[in-house]
Amino acid sequence: MGTGFAGNIIVVGVCGSIAAFKVAGWVSTLAKEEARVPVVMTDSAQKFITPLTFAALTGESVYTSMFADEHSGAMSHIELAQEASVFLIAPASAQTIARLAHGFADDLLSTAVLATRAPVIVCPAMNTRMYQHRATQDNLSRLRQLGYTVVDPESGLMACKDEGPGRLVEWESVQEVLWRSLRSLDLQGEQVLVTAGPTREPIDPARFISNRSSGKMGYALARAAYRRGADVVLVSGPSTLNCPYGVRRIMVETAAEMFEAVCREFEKATILVKSAAVSDFRPAVQHEHKVKKKNGAPALELVRNPDILYEIGRKKRKPGQLVIGFAAESENLEMEGKRKLQRKNLDMIAVNDISGSDTGFEADTNRLILLTGDETIELPLLSKSETADRIFDVLKEKFRSSPLS
Ligand code: C5P
């Protein structure tokens with residue numbers, strides 16, 4: 001499946017840190033996805049890994065010196081800077097971070113970064129104390145002020161046996177930042193609130209009522225919105241999925257907790273997409289201790305949970321605030337969708353056919369019907385990530401095309 005890197009020129013600046021070997025893996029992945037990946041290495045990077053490694057992985061000349069004869073077919077450092085779709089500096093050493101923060105141009109990498117107008121992503125990796133030193137932290141703040149994206153390192157046991165922040169971030173996160181830097185940020189300025197997953201309604205400390213929702217659709221929506229430039233909050237019921245990079249996640253358990261979180265976060269939201277499969281019912285009584293089987297099968301009395309979407313739909317909205325619901329249906333899809341669109345006072349509803357195995361709960365694909373007040377749009381069977389993008393495409397087109405909306 002295409003990942004969106006093909007055809008881009010991703011200039012990777014490698015500095016002297018033991019983490020340089022990890023970046024060889026990233027470069028290889030990007031090259032396989034048909035991006036052009038010219039690599040620029042600082043002098044000390046070449047002490048950790050050879051230029052030949054990167055040349056073999058990318059099929060490109062590796063740039064190591066400002067004054068070296070240009071290889072045939074290789075770009076000059078100014079061309080490199082001009083042609084780049086994005087600069088990815090990883091691992092970024094304290095030395096290179098200091099150079100960039102102060103605008104030095106005393107090696108090829110710092111010169112090329114000064115000469116580029118492409119987005120610059122910096123992934124620091126160094127000893128914990130070097131990273132935490134005020135000088136490095138001030139330099140990183142300065143890079144942020146200059147408009148560079150700094151991807152914070154992770155915490156853990158370092159090669160030097162210190163423990164704390166300084167480990168190069170994982171590829172999964174970098175990939176997200178790269179995507180965001182290459183896309184048109186057509187959701188910039190939007191505060192997107194997404195709900196995902198099931199809720200759990202406890203019977204006793206060991207048992208609960210829930211449903212088969214995996215959260216995949218909601219997480220894909222949150223990820224897509226982040227990549228398109230939005231600020232994203234994800235209110236998630238129990239799910240095994242990792243929090244998408246760049247997204248603020250609030251974990252909840254019950255419908256009541258989700259209701260509380262959504263009401264609070266909706267105040268700041270410009271778009272609410274409510275893809276969570278909220279339990280319609282909860283046990284009337286939640287037992288403090290585990291219900292014993294020796295007492296016989298207990299009767300389970302259920303009471304209604306609040307319909308969060310209905311309650312939000314009834315509220316007065318700020319101008320331009322959009323509310324989008326989901327409806328999981330197995331028959332009369334369009335009719336049921338229209339009824340819920342109106343009853344819950346929504347701007348759009350995505351109707352999900354849960355009768356097939358390739359759509360709806362737990363599947364990686366989905367086939368949705370999108371209903372607005374005046375239009376029905378049938379999406380084909382798509383991955384949940386493509387489906388998420390199509391939902392935002394429709395939202396943009398229908399509700400954000402005029403400057404007044
Ligand atoms: O009416 P129905 O449950 O089919 O509607 C589904 C939509 O309503 C979804 O967007 C879901 O997140 C939302 N919902 C809710 N609170 C409930 C039940 C459903 O917000 N208690």
# chains A, B, ... in the order shown; residues from 1 in each chain; ligands from 1

call {"tool": "residues_around", "arguments": {"residues": "Ser44 in chain A", "least_positions_apart": "5", "cutoff": "9 Å", "atoms": "only C-alpha atoms", "output": "PyMOL selection string"}}
result
chain A and resi 15-17

call {"tool": "residues_near_ligand", "arguments": {"ligand": "ligand 1", "cutoff": "9 Å", "atoms": "only C-alpha atoms and all ligand atoms", "output": "mmCIF file with C-alpha atoms, in the first residue's frame"}}
result
data_model
loop_
_atom_site.group_PDB
_atom_site.id
_atom_site.type_symbol
_atom_site.label_atom_id
_atom_site.label_comp_id
_atom_site.auth_asym_id
_atom_site.auth_seq_id
_atom_site.Cartn_x
_atom_site.Cartn_y
_atom_site.Cartn_z
ATOM 1 C CA THR A 195 -14.127 9.427 20.529
ATOM 2 C CA ALA A 196 -13.147 5.821 19.975
ATOM 3 C CA ALA A 255 -20.173 5.899 29.242
ATOM 4 C CA ALA A 256 -20.567 8.296 32.181
ATOM 5 C CA MET A 258 -16.880 9.487 28.372
ATOM 6 C CA PHE A 259 -19.834 11.859 28.696
ATOM 7 C CA VAL A 273 -16.376 13.000 15.500
ATOM 8 C CA LYS A 274 -18.100 10.496 17.685
ATOM 9 C CA SER A 275 -17.037 7.083 16.498
ATOM 10 C CA ALA A 276 -17.076 5.376 19.914
ATOM 11 C CA ALA A 277 -19.451 2.454 20.410
ATOM 12 C CA VAL A 278 -20.950 3.646 23.661
ATOM 13 C CA SER A 279 -22.822 1.073 25.737
ATOM 14 C CA ASP A 280 -26.493 1.999 25.629
ATOM 15 C CA PHE A 281 -27.089 0.277 28.971
ATOM 16 C CA ARG A 304 -30.103 3.446 30.063
ATOM 17 C CA ASN A 305 -26.852 5.354 29.694
ATOM 18 C CA PRO A 306 -27.032 8.963 28.549
ATOM 19 C CA ASP A 307 -26.866 9.304 24.758
ATOM 20 C CA ILE A 308 -23.815 11.555 24.636
ATOM 21 C CA LEU A 309 -24.253 12.532 21.023
ATOM 22 C CA TYR A 310 -27.916 13.400 21.480
ATOM 23 C CA GLU A 311 -27.093 15.596 24.475
ATOM 24 C CA ILE A 312 -24.264 17.363 22.603
ATOM 25 C CA ILE A 324 -20.445 14.051 13.277
ATOM 26 C CA GLY A 325 -21.893 10.766 14.479
ATOM 27 C CA PHE A 326 -21.552 7.132 13.518
ATOM 28 C CA ALA A 327 -24.312 4.579 13.246
ATOM 29 C CA ALA A 328 -23.612 0.854 13.261
ATOM 30 C CA GLU A 329 -26.458 -0.804 11.389
ATOM 31 C CA GLU A 336 -31.709 4.531 9.998
ATOM 32 C CA GLY A 337 -28.876 6.971 9.294
ATOM 33 C CA LYS A 340 -30.388 9.527 13.626
ATOM 34 C CA LYS A 344 -29.411 13.872 17.178
ATOM 35 C CA ILE A 349 -23.510 10.763 10.065
ATOM 36 C CA ALA A 350 -21.350 7.877 8.881
#

call {"tool": "residues_around", "arguments": {"residues": "range 50-60 of chain A", "least_positions_apart": "4", "cutoff": "10 Å", "atoms": "only C-alpha atoms", "output": "ChimeraX atom specification"}}
result
/A:21,23-25,27-32,34-41,45-46,64,73-74

call {"tool": "write_last_selection", "arguments": {"atoms": "C-alpha atoms", "output": "compact mmCIF listing (two decimals), in the first residue's frame"}}
result
# COMPACT_ATOMS: atom_id res chain seq x y z
CA PHE A 21 22.68 2.78 12.99
CA VAL A 23 18.56 5.67 11.07
CA ALA A 24 20.02 3.30 8.47
CA GLY A 25 16.81 1.29 8.96
CA VAL A 27 16.53 5.35 5.33
CA SER A 28 16.11 1.87 3.95
CA THR A 29 12.34 1.99 4.60
CA LEU A 30 12.01 5.37 2.88
CA ALA A 31 14.05 4.23 -0.13
CA LYS A 32 11.88 1.11 -0.47
CA GLU A 34 10.32 5.15 -3.46
CA ALA A 35 11.27 8.39 -1.81
CA ARG A 36 14.62 9.90 -2.82
CA VAL A 37 16.75 9.92 0.30
CA PRO A 38 20.00 11.87 -0.05
CA VAL A 39 22.01 11.46 3.15
CA VAL A 40 24.28 14.15 4.59
CA MET A 41 26.74 12.95 7.24
CA ALA A 45 28.69 10.49 12.10
CA GLN A 46 31.24 8.77 9.87
CA THR A 64 30.09 14.17 3.55
CA GLY A 73 24.89 13.29 -10.94
CA ALA A 74 25.02 14.40 -7.29

call {"tool": "select_by_dssp", "arguments": {"residues": "range 2-212 of chain A", "states": "alpha helix (DSSP H)", "output": "PyMOL selection string"}}
result
chain A and resi 20-32+45-48+51-58+77-83+94-101+108-115+128-132+134-145+171-182

call {"tool": "closest_residue", "arguments": {"among": "A:Lys316, A:Arg343, A:Lys216, A:Lys396", "to": "Lys384 in chain A", "atoms": "only C-alpha atoms"}}
result
A:Lys216

call {"tool": "atom_distance", "arguments": {"atom1": "CA of Asp107 in chain A", "atom2": "CA of Trp26 in chain A"}}
result
23.3 Å
